[in-house]
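*Asks:* The following file, query_8.tsv, comprises TSV, C-alpha atoms:
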chain	number	residue	atom	x	y	z
A	1	MET	CA	291.82	305.15	83.47
A	2	GLU	CA	292.66	308.35	85.26
A	3	ILE	CA	292.41	308.85	88.92
A	4	GLN	CA	291.83	312.22	90.50
A	5	PRO	CA	293.37	312.08	94.04
A	6	GLY	CA	291.94	314.31	96.71
A	7	SER	CA	290.04	312.47	99.41
A	8	GLN	CA	290.84	313.11	103.06
A	9	LEU	CA	290.42	310.07	105.32
A	10	PRO	CA	291.14	310.15	109.09
A	11	TRP	CA	293.71	307.82	110.72
A	12	GLY	CA	293.62	305.05	108.13
A	13	ALA	CA	292.47	304.15	104.65
A	14	ARG	CA	289.94	301.55	103.63
A	15	LEU	CA	289.75	300.30	100.08
A	16	ARG	CA	286.64	298.55	98.82
A	17	VAL	CA	286.39	296.71	95.51
A	18	TYR	CA	282.93	296.40	93.95
A	19	SER	CA	281.70	294.29	91.08
A	20	GLY	CA	281.27	296.35	87.95
A	21	MET	CA	278.44	294.01	86.98
A	22	ASP	CA	276.08	294.47	89.90
A	23	GLY	CA	277.79	296.71	92.49
A	24	THR	CA	278.28	293.99	95.10
A	25	GLN	CA	281.40	294.25	97.25
A	26	VAL	CA	284.16	291.85	96.24
A	27	TYR	CA	286.64	292.55	99.03
A	28	GLU	CA	287.89	295.20	101.43
A	29	HIS	CA	291.45	296.19	102.30
A	30	THR	CA	292.41	298.35	105.29
A	31	ALA	CA	295.68	300.26	105.59
A	32	SER	CA	296.24	301.04	109.27
A	33	GLY	CA	298.98	302.05	111.66
A	34	PHE	CA	298.71	305.81	111.22
A	35	PRO	CA	298.59	308.34	114.07
A	36	ALA	CA	295.40	310.33	114.57
A	37	GLY	CA	295.09	312.97	111.88
A	38	PRO	CA	293.88	313.42	108.32
A	39	LEU	CA	295.34	311.33	105.51
A	40	HIS	CA	295.34	311.87	101.77
A	41	VAL	CA	294.71	308.80	99.60
A	42	ALA	CA	295.39	308.12	95.92
A	43	LEU	CA	294.84	305.17	93.61
A	44	ALA	CA	296.36	303.92	90.37
A	45	MET	CA	295.69	300.76	88.40
A	46	LEU	CA	298.82	298.87	87.39
A	47	GLY	CA	299.19	296.10	84.85
A	48	ASP	CA	299.29	292.41	85.76
A	49	LEU	CA	302.26	291.84	88.09
A	50	THR	CA	301.35	288.34	89.35
A	51	GLY	CA	300.60	286.49	86.11
A	52	ASP	CA	296.91	285.90	86.83
A	53	GLY	CA	295.73	288.17	84.02
A	54	ARG	CA	294.27	290.74	86.44
A	55	PRO	CA	295.57	294.29	87.01
A	56	GLU	CA	297.00	295.22	90.39
A	57	ILE	CA	296.27	298.29	92.52
A	58	ALA	CA	298.62	300.95	93.91
A	59	LEU	CA	297.20	302.67	96.99
A	60	GLY	CA	298.99	305.78	98.28
A	61	ILE	CA	298.37	306.91	101.87
A	62	ALA	CA	300.05	310.21	102.75
A	63	GLU	CA	300.15	312.21	105.98
A	64	ASP	CA	298.50	315.60	105.98
A	65	PHE	CA	298.99	316.63	109.59
A	66	SER	CA	301.57	317.97	112.04
A	67	PRO	CA	303.78	316.85	113.69
A	68	VAL	CA	304.71	314.39	110.99
A	69	ALA	CA	305.31	310.73	111.86
A	70	LEU	CA	306.92	309.72	108.53
A	71	VAL	CA	304.62	306.71	108.12
A	72	SER	CA	303.26	307.52	104.66
A	73	ARG	CA	303.49	304.68	102.17
A	74	VAL	CA	302.30	303.17	98.90
A	75	GLU	CA	300.80	299.69	99.08
A	76	VAL	CA	300.79	297.57	95.93
A	77	LEU	CA	297.90	295.13	96.16
A	78	ASP	CA	296.91	292.02	94.28
A	79	GLY	CA	293.94	293.19	92.23
A	80	ALA	CA	292.07	289.90	92.42
A	81	SER	CA	292.25	289.41	96.21
A	82	GLY	CA	293.39	292.70	97.77
A	83	ASN	CA	296.37	290.96	99.40
A	84	LEU	CA	299.45	293.12	99.95
A	85	LEU	CA	302.23	292.35	97.46
A	86	TYR	CA	304.69	294.90	98.84
A	87	ALA	CA	304.85	298.41	100.27
A	88	LEU	CA	306.99	301.41	99.40
A	89	ALA	CA	307.89	303.28	102.57
A	90	GLY	CA	307.85	307.06	102.71
A	91	ALA	CA	310.39	307.53	105.48
A	92	GLN	CA	312.07	310.33	103.52
A	93	HIS	CA	308.96	312.48	103.07
A	94	PRO	CA	305.73	312.86	105.12
A	95	ARG	CA	303.56	313.20	101.99
A	96	PHE	CA	305.01	310.26	100.07
A	97	GLY	CA	302.13	308.63	98.20
A	98	TRP	CA	300.03	311.79	97.82
A	99	SER	CA	299.89	310.94	94.11
A	100	VAL	CA	300.56	307.67	92.28
A	101	GLU	CA	300.62	307.08	88.52
A	102	ASN	CA	301.08	304.06	86.26
A	103	VAL	CA	303.89	305.02	83.86
A	104	GLY	CA	303.86	301.84	81.77
A	105	ASP	CA	306.89	299.61	81.36
A	106	VAL	CA	309.88	301.96	81.52
A	107	ASP	CA	312.54	299.45	82.59
A	108	GLY	CA	311.88	296.84	79.89
A	109	ASP	CA	310.79	293.95	82.12
A	110	GLY	CA	307.32	293.70	80.60
A	111	MET	CA	305.52	294.97	83.72
A	112	SER	CA	303.99	298.31	84.67
A	113	ASP	CA	306.07	300.71	86.72
A	114	LEU	CA	304.84	303.57	88.87
A	115	ALA	CA	305.61	307.16	89.79
A	116	VAL	CA	305.00	308.43	93.31
A	117	GLY	CA	304.61	312.07	94.23
A	118	ALA	CA	305.11	313.89	97.55
A	119	PRO	CA	304.19	317.60	97.44
A	120	GLY	CA	305.85	320.04	99.79
A	121	LEU	CA	304.77	320.63	103.38
A	122	PHE	CA	305.45	323.75	105.43
A	123	LEU	CA	305.48	323.16	109.19
A	124	GLY	CA	306.92	326.45	110.38
A	125	SER	CA	309.86	328.74	109.89
A	126	PHE	CA	312.42	326.00	110.51
A	127	THR	CA	310.78	322.94	108.94
A	128	THR	CA	309.89	322.74	105.26
A	129	TRP	CA	309.66	319.62	103.13
A	130	GLY	CA	310.06	320.36	99.43
A	131	GLY	CA	308.12	318.43	96.80
A	132	MET	CA	309.53	315.17	95.41
A	133	VAL	CA	308.78	312.65	92.63
A	134	SER	CA	310.22	309.12	92.33
A	135	VAL	CA	309.82	306.27	89.82
A	136	PHE	CA	309.76	302.64	90.98
A	137	SER	CA	309.75	299.22	89.37
A	138	GLY	CA	306.25	297.80	89.56
A	139	ALA	CA	307.61	294.26	89.68
A	140	THR	CA	310.04	294.70	92.59
A	141	GLY	CA	309.52	298.16	94.11
A	142	THR	CA	313.12	299.11	93.30
A	143	ILE	CA	313.69	302.80	92.64
A	144	LEU	CA	314.64	303.28	88.98
A	145	ALA	CA	316.26	306.74	89.06
A	146	PRO	CA	317.25	309.35	91.63
A	147	PRO	CA	314.13	311.26	92.71
A	148	ILE	CA	313.42	314.75	91.45
A	149	HIS	CA	313.24	317.25	94.32
A	150	ALA	CA	311.64	320.68	94.38
A	151	GLY	CA	315.04	322.36	94.29
A	152	PHE	CA	315.68	320.87	90.86
A	153	PHE	CA	313.42	323.51	89.30
A	154	SER	CA	315.04	326.94	89.46
A	155	VAL	CA	311.77	328.81	89.97
A	156	SER	CA	309.35	329.44	92.83
A	157	TYR	CA	306.19	327.49	93.70
A	158	THR	CA	308.01	324.16	93.80
A	159	MET	CA	306.03	323.04	96.85
A	160	ASP	CA	303.59	321.76	94.21
A	161	VAL	CA	306.09	319.26	92.78
A	162	GLY	CA	304.53	315.82	93.29
A	163	ARG	CA	300.93	317.00	93.72
A	164	VAL	CA	299.66	316.22	90.19
A	165	LEU	CA	301.19	313.47	88.01
A	166	LEU	CA	300.16	312.31	84.54
A	167	HIS	CA	301.76	309.71	82.28
A	168	LEU	CA	301.69	310.66	78.60
A	169	PRO	CA	302.74	307.63	76.53
A	170	ASP	CA	302.50	309.48	73.18
A	171	PHE	CA	303.52	313.04	74.02
A	172	ASP	CA	306.54	313.02	71.69
A	173	PRO	CA	307.13	310.49	68.87
A	174	MET	CA	310.86	310.75	69.61
A	175	LEU	CA	310.29	309.44	73.15
A	176	PRO	CA	308.72	305.98	72.74
A	177	GLY	CA	308.81	305.35	76.49
A	178	GLY	CA	306.49	308.26	77.12
A	179	VAL	CA	306.88	311.10	79.60
A	180	LEU	CA	305.68	312.11	83.05
A	181	ALA	CA	303.96	315.49	83.38
A	182	LEU	CA	304.06	317.31	86.72
A	183	GLY	CA	301.32	319.86	87.33
A	184	LEU	CA	302.56	322.93	89.19
A	185	ARG	CA	299.36	324.70	90.21
A	186	ASP	CA	300.75	327.87	91.75
A	187	ALA	CA	303.32	328.29	88.98
A	188	GLY	CA	300.61	327.90	86.33
A	189	ARG	CA	302.48	325.40	84.22
A	190	ALA	CA	303.45	321.75	83.75
A	191	GLU	CA	306.95	320.29	83.70
A	192	VAL	CA	307.42	317.30	81.38
A	193	LEU	CA	310.08	314.74	82.29
A	194	GLY	CA	311.51	311.76	80.44
A	195	LEU	CA	311.15	308.22	81.80
A	196	PRO	CA	312.57	306.58	83.77
A	197	SER	CA	315.39	309.10	84.18
A	198	LEU	CA	313.14	312.09	85.04
A	199	THR	CA	315.26	314.33	82.82
A	200	PRO	CA	313.56	317.57	81.66
A	201	VAL	CA	311.83	317.42	78.27
A	202	ALA	CA	309.59	320.49	78.12
A	203	THR	CA	307.89	323.23	80.11
A	204	VAL	CA	304.24	323.66	79.14
A	205	PHE	CA	302.30	326.85	79.79
A	206	GLY	CA	298.62	327.53	79.33
A	207	CYS	CA	297.23	329.24	76.24
A	208	PRO	CA	297.89	332.99	76.26
A	209	GLY	CA	295.20	335.06	77.98
A	210	SER	CA	294.16	338.66	77.84
A	211	GLY	CA	295.58	339.77	81.14
A	212	PRO	CA	297.39	338.81	84.37
A	213	GLY	CA	296.36	335.53	85.90
A	214	LEU	CA	294.73	334.22	82.69
A	215	GLU	CA	297.22	331.48	81.81
A	216	PRO	CA	296.94	328.90	84.62
A	217	MET	CA	297.83	325.32	83.76
A	218	GLY	CA	299.01	322.93	86.45
A	219	ALA	CA	296.15	322.32	88.91
A	220	ALA	CA	294.86	319.35	86.88
A	221	LEU	CA	296.08	317.50	83.77
A	222	ALA	CA	294.55	315.09	81.24
A	223	ASP	CA	295.80	313.15	78.20
A	224	MET	CA	293.52	314.07	75.27
A	225	GLY	CA	295.12	311.77	72.72
A	226	ASP	CA	296.01	312.98	69.23
A	227	ILE	CA	293.55	315.74	68.30
A	228	ASP	CA	295.40	317.43	65.44
A	229	GLY	CA	296.68	314.32	63.64
A	230	ASP	CA	300.40	314.87	64.19
A	231	GLY	CA	300.91	311.52	65.94
A	232	ALA	CA	301.43	313.04	69.38
A	233	SER	CA	299.02	313.43	72.28
A	234	GLU	CA	297.64	316.79	73.30
A	235	LEU	CA	297.79	317.83	76.96
A	236	ALA	CA	294.86	319.43	78.75
A	237	GLY	CA	295.75	321.55	81.76
A	238	ALA	CA	293.49	323.51	84.10
A	239	GLY	CA	293.92	326.18	86.72
A	240	VAL	CA	291.91	328.85	88.47
A	241	GLN	CA	292.15	332.28	86.89
A	242	ASN	CA	291.50	335.41	88.90
A	243	THR	CA	291.13	338.73	87.08
A	244	GLY	CA	291.05	340.67	90.33
A	245	THR	CA	287.82	342.36	89.29
A	246	GLY	CA	285.29	339.52	89.49
A	247	PRO	CA	284.68	335.90	90.42
A	248	SER	CA	287.37	333.35	89.73
A	249	SER	CA	286.81	330.79	87.01
A	250	VAL	CA	288.52	327.69	85.65
A	251	ARG	CA	290.63	328.07	82.52
A	252	VAL	CA	291.48	324.93	80.55
A	253	SER	CA	294.21	324.93	77.88
A	254	ILE	CA	294.60	322.24	75.23
A	255	VAL	CA	298.25	322.23	74.18
A	256	GLY	CA	299.91	320.20	71.40
A	257	GLY	CA	303.15	320.22	69.45
A	258	SER	CA	304.94	318.53	72.35
A	259	GLY	CA	303.84	321.40	74.55
A	260	SER	CA	304.57	324.29	72.19
A	261	THR	CA	301.25	324.95	70.44
A	262	CYS	CA	297.93	326.15	71.85
A	263	LEU	CA	295.00	324.44	70.13
A	264	TYR	CA	292.30	326.24	72.11
A	265	ALA	CA	291.30	327.34	75.61
A	266	LEU	CA	288.08	327.03	77.62
A	267	ASN	CA	286.75	329.27	80.36
A	268	VAL	CA	284.34	327.66	82.82
A	269	PRO	CA	282.44	330.28	84.82
A	270	GLY	CA	281.25	330.26	88.39
A	271	SER	CA	284.15	328.26	89.84
A	272	LEU	CA	285.20	329.78	93.14
A	273	GLY	CA	287.41	326.93	94.40
A	274	THR	CA	291.08	326.35	93.78
A	275	SER	CA	291.07	322.69	92.73
A	276	PRO	CA	289.52	322.04	89.33
A	277	ALA	CA	289.52	318.48	87.96
A	278	LEU	CA	289.86	317.07	84.44
A	279	ALA	CA	288.95	313.70	82.94
A	280	ALA	CA	289.60	312.67	79.35
A	281	LEU	CA	286.61	310.62	78.17
A	282	ASP	CA	286.22	308.11	75.39
A	283	ASP	CA	284.73	309.65	72.27
A	284	GLN	CA	281.15	310.66	73.10
A	285	ASP	CA	280.09	312.59	69.98
A	286	GLY	CA	281.25	310.21	67.25
A	287	ASP	CA	284.14	312.26	65.83
A	288	GLY	CA	286.86	309.80	66.87
A	289	ILE	CA	288.46	312.23	69.36
A	290	ARG	CA	288.47	312.00	73.13
A	291	ASP	CA	286.17	314.42	74.90
A	292	LEU	CA	286.70	316.28	78.16
A	293	ALA	CA	284.95	316.56	81.53
A	294	VAL	CA	285.84	319.55	83.72
A	295	GLY	CA	284.97	319.38	87.42
A	296	ALA	CA	284.28	322.71	89.09
A	297	PRO	CA	282.76	323.51	92.51
A	298	TYR	CA	279.18	323.65	91.22
A	299	GLN	CA	278.97	321.52	88.08
A	300	VAL	CA	280.73	319.04	85.83
A	301	HIS	CA	281.06	320.54	82.34
A	302	LEU	CA	281.41	318.38	79.22
A	303	PHE	CA	283.24	319.58	76.09
A	304	SER	CA	284.12	318.26	72.66
A	305	GLY	CA	287.81	317.39	72.64
A	306	ALA	CA	288.10	318.22	68.95
A	307	THR	CA	286.63	321.71	69.02
A	308	GLY	CA	286.09	322.71	72.65
A	309	SER	CA	282.38	323.22	72.04
A	310	ALA	CA	280.12	322.66	75.05
A	311	MET	CA	278.21	319.37	75.14
A	312	GLY	CA	276.33	319.87	78.40
A	313	THR	CA	276.63	320.01	82.17
A	314	LEU	CA	275.95	317.70	85.09
A	315	PRO	CA	274.71	319.32	88.31
A	316	ALA	CA	277.04	318.37	91.15
A	317	GLY	CA	274.54	318.92	93.95
A	318	PRO	CA	275.34	321.18	96.94
A	319	PRO	CA	278.14	323.73	96.44
A	320	ALA	CA	281.51	322.12	97.22
A	321	THR	CA	285.06	323.39	97.51
A	322	GLU	CA	285.96	321.09	94.62
A	323	VAL	CA	284.48	318.36	92.46
A	324	GLN	CA	286.71	315.42	91.56
A	325	VAL	CA	285.63	313.69	88.34
A	326	VAL	CA	286.69	310.46	86.64
A	327	GLY	CA	285.54	308.58	83.55
A	328	LEU	CA	284.50	304.97	84.22
A	329	GLY	CA	284.21	303.55	80.73
A	330	ASP	CA	280.92	302.14	79.47
A	331	LEU	CA	279.51	300.36	82.54
A	332	THR	CA	275.93	300.22	81.27
A	333	GLY	CA	276.66	298.86	77.80
A	334	ASP	CA	274.92	301.69	75.94
A	335	GLY	CA	277.97	302.87	73.99
A	336	PHE	CA	278.50	305.98	76.12
A	337	GLU	CA	281.07	306.44	78.87
A	338	ASP	CA	279.79	306.66	82.44
A	339	LEU	CA	281.12	309.28	84.81
A	340	ALA	CA	281.64	309.48	88.57
A	341	PHE	CA	282.21	312.64	90.54
A	342	GLU	CA	282.91	313.25	94.20
A	343	LEU	CA	281.96	316.35	96.13
A	344	VAL	CA	284.80	317.50	98.39
A	345	GLY	CA	284.07	319.87	101.26
A	346	VAL	CA	280.39	318.98	101.59
A	347	GLU	CA	279.88	317.11	104.84
A	348	ASP	CA	276.76	315.22	103.79
A	349	ALA	CA	277.73	314.54	100.17
A	350	ARG	CA	281.15	312.90	100.18
A	351	ASP	CA	280.23	309.90	98.02
A	352	PRO	CA	280.50	310.22	94.25
A	353	GLU	CA	277.48	310.15	92.03
A	354	VAL	CA	277.58	308.01	88.90
A	355	HIS	CA	275.94	309.35	85.76
A	356	ASP	CA	275.32	307.81	82.36
A	357	LEU	CA	276.31	310.28	79.66
A	358	GLU	CA	273.68	308.92	77.26
A	359	GLU	CA	271.07	310.34	79.60
A	360	LEU	CA	272.80	313.71	79.45
A	361	PHE	CA	272.48	313.81	75.67
A	362	ALA	CA	268.82	312.84	76.07
A	363	ILE	CA	268.40	315.89	78.38
A	364	ALA	CA	267.55	313.59	81.26
A	365	VAL	CA	270.50	313.20	83.60
A	366	GLY	CA	270.03	310.26	85.94
A	367	HIS	CA	271.51	309.22	89.27
A	368	HIS	CA	272.47	305.56	89.15
A	369	GLU	CA	274.35	304.45	92.21
A	370	VAL	CA	276.38	305.71	95.15
A	371	LEU	CA	279.84	304.15	95.29
A	372	GLY	CA	282.91	304.44	97.52
A	373	LEU	CA	285.45	307.25	97.31
A	374	GLU	CA	288.29	307.34	94.78
A	375	VAL	CA	286.49	305.37	92.09
A	376	ALA	CA	288.41	303.56	89.37
A	377	VAL	CA	287.43	300.82	86.97
A	378	ASN	CA	289.13	297.69	85.69
A	379	ASP	CA	288.07	294.23	84.62
A	380	ILE	CA	287.55	293.17	88.26
A	381	GLY	CA	285.11	295.93	89.11
A	382	LEU	CA	285.04	299.31	90.78
A	383	VAL	CA	287.77	300.32	93.17
A	384	GLY	CA	287.09	302.80	95.95
A	385	GLY	CA	288.44	303.97	99.28
A	386	GLY	CA	285.79	304.94	101.84
A	387	HIS	CA	285.31	306.03	105.43
Can you present the structure in this file as structure tokens?
*Replies:*
Amino acid sequence: MEIQPGSQLPWGARLRVYSGMDGTQVYEHTASGFPAGPLHVALAMLGDLTGDGRPEIALGIAEDFSPVALVSRVEVLDGASGNLLYALAGAQHPRFGWSVENVGDVDGDGMSDLAVGAPGLFLGSFTTWGGMVSVFSGATGTILAPPIHAGFFSVSYTMDVGRVLLHLPDFDPMLPGGVLALGLRDAGRAEVLGLPSLTPVATVFGCPGSGPGLEPMGAALADMGDIDGDGASELAGAGVQNTGTGPSSVRVSIVGGSGSTCLYALNVPGSLGTSPALAALDDQDGDGIRDLAVGAPYQVHLFSGATGSAMGTLPAGPPATEVQVVGLGDLTGDGFEDLAFELVGVEDARDPEVHDLEELFAIAVGHHEVLGLEVAVNDIGLVGGGH
């Protein structure tokens, strides 16, 4: 399950858990104690840390205001009850918790661990916080390796370090512990790091384009699984391309060969925002390969993961600065994955819509239910943070 962080919540975060069976609320958790100002929230589902057979929840709450108070944190919650298990404090960075990602068991204790990102923040000519990424034990909250800071990468645009994180368990057959991919939007690439050490493994660029600005990569990432049969996962990366002569659009690159081979690229027109979203979906067209949803400011576009051919679009409602999209699994039991998307930047349309992809293929897209923000799914139900 992939989470697309991006919701802005003022002065505190509220997490609601809903039954996946009937949509009734199971519990609510509130993270408080923040000064007045906007906050950025992120969610990740962890494995079972308490022995009750239920997954736990990592909730990141990061400051996005000035002056900073250094109160950002990640709360690890019991998935069954919402009770706080422990918190990771962000005293070293105001945006600690901007992104959170389950990285599997990287320390060998049989429990999920997590990566936490903190992108850079510029507060004026004398105060700049560079981006940072850390990896922690899910069982104890202990840091597992020295954090990677923006200065580690000897190129520009490192304020984006920590903004987009993606765990790739099968990126390289020689790395059985998997890797962590960092999306660097403004640099147009992804950096791939080993786990838990965060040592560099590869730098991944988008598929070659036909001119300047046509190879963006790091604004959003998705794990497409093994498309070409080489035993390693392909990486989807998206960014906004600007030719300088017309409207911007979203370019999506599907890259394999441990980051060295371009399988194909997609161009999604009419996307004027700067924050595209990607979601790898369970196989929808029966070819055994994951498919892809691309969120753009006006629509959600669906593509075959195997070939890149278009499978349809979902109208996202009023124009928004971005559309966050996430696959929910098959909630309706019809054999097709269901999809939620959230409109960001539209005052009266902040809640995600949930669509059944079977209805898309029947040329009759339906609106099922309005849920809370930051939707995720697990065997307890739907997880969402709301106002």
*Asks:* In Å to one decimal, how far is atom CA of A:Leu166 from atom CA of A:Met311?
*Replies:*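 So the answer is 24.9 Å.
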*Asks:* What does the structure give for the distance between atom CA of A:Ala31 and atom CA of A:Pro276, in Å to one decimal?
*Replies:*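 Between these atoms lies a distance of 27.9 Å.
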*Asks:* In Å, how far is it from atom CA of A:Arg290 to atom CA of A:Gly225?
*Replies:*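 That distance, rounded to one decimal, is 6.7 Å.
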*Asks:* For A:Ser137, please output as a ChimeraX atom specification all residues within 6 Å (counting only C-alpha atoms; exclusion window: fewer than 4 positions along the same chain).
*Replies:* /A:113,141-142
*Asks:* For a cut-off of 8 Å around (304.7, 318.7, 87.9), file coordinates, pick out all residues using only C-alpha atoms and list them as a list in words.
*Replies:*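 These residues have at least one counted atom within 8 Å: Asp160, Val161, Gly162, Arg163, Val164, Leu165, Ala181, Leu182, Gly183, Leu184, Arg189, Ala190, Glu191, Val192 and Gly218 of chain A.
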*Asks:* Keeping only C-alpha atoms, write those residues as an mmCIF file, in the frame of the given file.
*Replies:*
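After the write, part_13.cif holds the following:
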data_model
loop_
_atom_site.group_PDB
_atom_site.id
_atom_site.type_symbol
_atom_site.label_atom_id
_atom_site.label_comp_id
_atom_site.auth_asym_id
_atom_site.auth_seq_id
_atom_site.Cartn_x
_atom_site.Cartn_y
_atom_site.Cartn_z
ATOM 1 C CA ASP A 160 303.590 321.760 94.210
ATOM 2 C CA VAL A 161 306.090 319.260 92.780
ATOM 3 C CA GLY A 162 304.530 315.820 93.290
ATOM 4 C CA ARG A 163 300.930 317.000 93.720
ATOM 5 C CA VAL A 164 299.660 316.220 90.190
ATOM 6 C CA LEU A 165 301.190 313.470 88.010
ATOM 7 C CA ALA A 181 303.960 315.490 83.380
ATOM 8 C CA LEU A 182 304.060 317.310 86.720
ATOM 9 C CA GLY A 183 301.320 319.860 87.330
ATOM 10 C CA LEU A 184 302.560 322.930 89.190
ATOM 11 C CA ARG A 189 302.480 325.400 84.220
ATOM 12 C CA ALA A 190 303.450 321.750 83.750
ATOM 13 C CA GLU A 191 306.950 320.290 83.700
ATOM 14 C CA VAL A 192 307.420 317.300 81.380
ATOM 15 C CA GLY A 218 299.010 322.930 86.450
#
*Asks:* Which of these residues is nearest to A:Thr199, using all atoms listed in the file: A:Asp223, A:Val135, A:Pro216, A:Gly229?
*Replies:*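 Under the stated criterion, the closest residue is A:Val135.
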